[in-house]
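Student: This is the structure I want to talk about, given as structure tokens.
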Amino acid sequence: MGGGAIDNAAEVLLGGKAVYREVLLGLPDGTIPEQGARVSGIAVTLGLTLPLERPIFYAKTVLDEHAGNTDPNNVVMPSDFQLELFSATNPASEKSFIRLILGAGVPAEETATVKANPFRFPIDETEACFAGSDVKKPCLVYSVQDADGDGKADPIPESVGQALQVKSLFPIAIFNKLQAGKKIGAQGAPVVLLQGVTVRDSLTNTALAPDDLLEARSEALIGLRPSVVCMDAANPSAKGTLLITHPEDKQGTPLIGDEEALKGALGAQFGREFDLVFGCLPEGEYAMNLIYDTGQAWTVPNEAGVCAVTEEVVGTTQCGERPRIASQGITLRIGAPGDAAYCAAHPTPATCLP
């Protein structure tokens with residue numbers, strides 16, 4: 001059941017738009033202490049039945065022909081990563097990406113643990129993913145993104161997606177840069193986002209996905225694009241930065257056809273103007289997120305895989321008296337460049353650094 005702390009519940013019952021209550025978290029100055037913040041006395045209205053469970057996932061496999069990654073729990077993208085081949089007419093282009101296969105739920109050896117207390121993950125292999133589906137839970141559901149409501153799938157509002165005319169599919173994959181030394185908690189400042197390409201078997205099949213797509217699967221294929229969006233979340237009037245490692249692939253093919261159209265698409269998506277910069281990506285650890293069109297989401301790392309500051313860390317398997325779920329504690333890492341000279345000549349812009 002979905003809902004929220006709605007201030008105008010009576011108006012919503014008559015068809016009005018919900019106005020959500022603003023809740024003060026943490027200390028009076030707005031900061032949240034290390035032990036977190038608990039707020040009580042908030043009335044919540046639950047009124048929307050959601051057809052799906054949250055998109056629970058783990059990193060199952062990594063497919064990588066150019067950066068040498070073989071361990072899905074320790075994937076590193078060089079900060080200067082360049083696509084080997086980029087062509088709208090060549091299906092082999094997708095092999096230029098570092099690709100993650102995200103499995104639904106958790107690995108088989110963790111299933112019994114996460115179904116029990118204190119986690120109680122909604123994993124029930126006897127139930128259908130959704131009404132009419134032959135796939136059982138846990139599952140990940142593919143559908144098309146239609147942000148403008150015209151009944152057609154939107155192209156990915158980014159360089160790779162636009163050039164290849166790849167449709168934007170749910171679950172959307174977003175990788176956000178974490179604060180240094182922290183696996184969970186508030187995002188770093190500025191906000192740095194790497195948007196993955198959700199692939200339906202291949203880029204060709206993704207481009208040809210039907211606009212009414214609704215498909216349950218046991219895994220999702222995500223391509224990692226060598227680009228990030230950087231924004232100052234505290235200043236909505238400040239320009240954002242689209243940072244791409246290289247303007248072209250290794251064969252000399254340009255990645256962007258129309259820079260102004262690209263910046264316009266990003267501006268419409270994020271509500272601010274954008275500058276386009278070519279340079280090396282911000283190094284560090286990135287959390288992985290899958291998001292449905294319902295707003296339901298799942299993030300790794302999460303509390304199941306990371307010990308809180310108040311819990312004793314017992315090796316790699318325990319947080320105090322509770323188990324530590326290994327698959328729920330991993331990150332994607334943007335690492336050192338393959339060519340340090342390139343990054344010296346094309347450094348990470350200040351707008352993408354703390």
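Residue numbering restarts at 1 in every chain; chains get A, B, ... in the order shown in the structure tokens, and ligands count up from 1 in that same order.
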Would you list the contacts of Gly279 (chain A) as a list in words, taking every protein, DNA or RNA residue within 7 Å and counting only C-alpha atoms, but skipping same-chain residues closer than 4 positions in sequence?
Tutor: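 My reading of the contact set: Leu243, Ile244, Thr245, His246, Cys343, His346, Pro347 and Thr348 of chain A.
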Student: At a cut-off of 10 Å, using only C-alpha atoms, what residues contact region 11-22 of chain A? Leave out same-chain residues fewer than 3 positions from it and give the result as a PyMOL selection string.
Tutor: chain A and resi 3-8+25+42-44+47
Student: For the residues selected in the previous step, produce a file with C-alpha atoms as an mmCIF file, in the first residue's frame.
Tutor:
data_model
loop_
_atom_site.group_PDB
_atom_site.id
_atom_site.type_symbol
_atom_site.label_atom_id
_atom_site.label_comp_id
_atom_site.auth_asym_id
_atom_site.auth_seq_id
_atom_site.Cartn_x
_atom_site.Cartn_y
_atom_site.Cartn_z
ATOM 1 C CA GLY A 3 0.525 6.733 0.629
ATOM 2 C CA GLY A 4 2.088 9.520 2.604
ATOM 3 C CA ALA A 5 1.694 12.269 5.159
ATOM 4 C CA ILE A 6 -0.995 14.121 3.195
ATOM 5 C CA ASP A 7 -2.114 17.536 4.440
ATOM 6 C CA ASN A 8 -5.270 17.708 2.281
ATOM 7 C CA LEU A 25 14.269 15.698 10.500
ATOM 8 C CA ILE A 42 3.045 11.865 11.866
ATOM 9 C CA ALA A 43 -0.365 10.867 10.476
ATOM 10 C CA VAL A 44 0.017 8.831 7.284
ATOM 11 C CA GLY A 47 -4.767 4.679 -0.003
#
Student: Have a look at CA of Phe57 (chain A) and CA of Gly284 (chain A) and let me know their distance in Å, one decimal.
Tutor: 21.7 Å
Student: With region 122-133 of chain A as the partner and 10 Å as the cut-off, tabulate the residues of region 173-276 of chain A that qualify, each row holding the nearest pair of atoms and their distance in Å to one decimal, using only C-alpha atoms, sorted by chain and rising number, as a tab-separated table.
Tutor:
residue	atom	partner	partner_atom	distance
A:Leu214	CA	A:Ser133	CA	9.5
A:Glu215	CA	A:Ser133	CA	8.1
A:Ala216	CA	A:Cys129	CA	6.7
A:Arg217	CA	A:Cys129	CA	8.8
A:Ser218	CA	A:Cys129	CA	9.8
Student: Please report as CSV every residue of region 68-110 of chain A lying within 12 Å of region 162-185 of chain A, along with the nearest atom pair and their distance in Å (one decimal), using only C-alpha atoms.
Tutor:
residue,atom,partner,partner_atom,distance
A:Phe86,CA,A:Leu164,CA,8.6
A:Ser87,CA,A:Leu164,CA,7.2
A:Ala88,CA,A:Leu164,CA,4.7
A:Thr89,CA,A:Leu164,CA,8.2
A:Asn90,CA,A:Leu164,CA,9.8
A:Pro91,CA,A:Leu164,CA,10.1
A:Ser93,CA,A:Leu164,CA,9.6
A:Glu94,CA,A:Leu164,CA,10.4
A:Arg99,CA,A:Ala173,CA,11.8
A:Leu100,CA,A:Ala173,CA,10.5
A:Ile101,CA,A:Ala173,CA,11.6
A:Leu102,CA,A:Ala173,CA,10.2
A:Ala104,CA,A:Pro171,CA,11.7
Student: Run DSSP on the backbone and tell me which residues of region 222-294 of chain A come out as strand (DSSP E); list them as an NGL selection string.
Tutor: :A and (222-224 or 227-231 or 240-244 or 274-278 or 284-291)
Student: Select, from A:Asn73, A:Cys352, A:Ala37, A:Ala336, the residue with the minimum atom-to-atom distance to Val229 (chain A), counting only C-alpha atoms.
Tutor: A:Cys352
Student: Which residues are close to Pro236 (chain A), i.e. within 9 Å by only C-alpha atoms, leaving aside same-chain residues fewer than 4 positions away? Reply as a PyMOL selection string.
Tutor: chain A and resi 231-232+271-272
Student: Keeping N, CA and C atoms for every residue in the selection just given, could you write it to a file as a CSV table (one decimal), in the first residue's frame?
Tutor:
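Listing of result-v4.csv after writing:
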chain,number,residue,atom,x,y,z
A,231,MET,N,24.9,18.1,-10.1
A,231,MET,CA,24.0,19.2,-9.8
A,231,MET,C,24.2,19.6,-8.4
A,232,ASP,N,23.9,20.9,-8.1
A,232,ASP,CA,23.9,21.4,-6.8
A,232,ASP,C,22.5,21.4,-6.3
A,271,GLY,N,15.0,20.2,-14.7
A,271,GLY,CA,14.5,21.5,-14.3
A,271,GLY,C,15.5,22.6,-14.1
A,272,ARG,N,16.6,22.5,-14.9
A,272,ARG,CA,17.7,23.5,-14.9
A,272,ARG,C,18.5,23.4,-16.2
Student: Find the spatial neighbours of Pro118 (chain A), counting only C-alpha atoms, within a cut-off of 10 Å - ignore same-chain residues fewer than 4 positions away - and output them as a PyMOL selection string.
Tutor: chain A and resi 113-114+304+322-323
Student: Nearest residue to Met288 (chain A) out of A:Thr31, A:Asn205, A:Thr198, A:Thr331, using only C-alpha atoms?
Tutor: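 Among the listed residues, A:Thr331 lies closest to Met288 (chain A).
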Student: From region 6-125 of chain A, collect each residue whose DSSP state is alpha helix (DSSP H) and return the set as a PyMOL selection string.
Tutor: chain A and resi 9-13+108-115
Student: So what do you get for CA of Phe278 (chain A) versus CA of Leu242 (chain A), distance-wise?
Tutor: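 Distance reported for this atom pair: 8.3 Å.
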Student: Give the answer as one residue: which of A:Ala350, A:Ala186, A:Leu24, A:Leu50 has the shortest atom-to-atom distance to Ala287 (chain A), using only C-alpha atoms?
Tutor: A:Ala186
Student: What separation in Å, quoted to one decimal, exists between CA of Glu53 (chain A) and CA of Gln296 (chain A)?
Tutor: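 Going from CA of Glu53 (chain A) over to CA of Gln296 (chain A) covers 7.9 Å.
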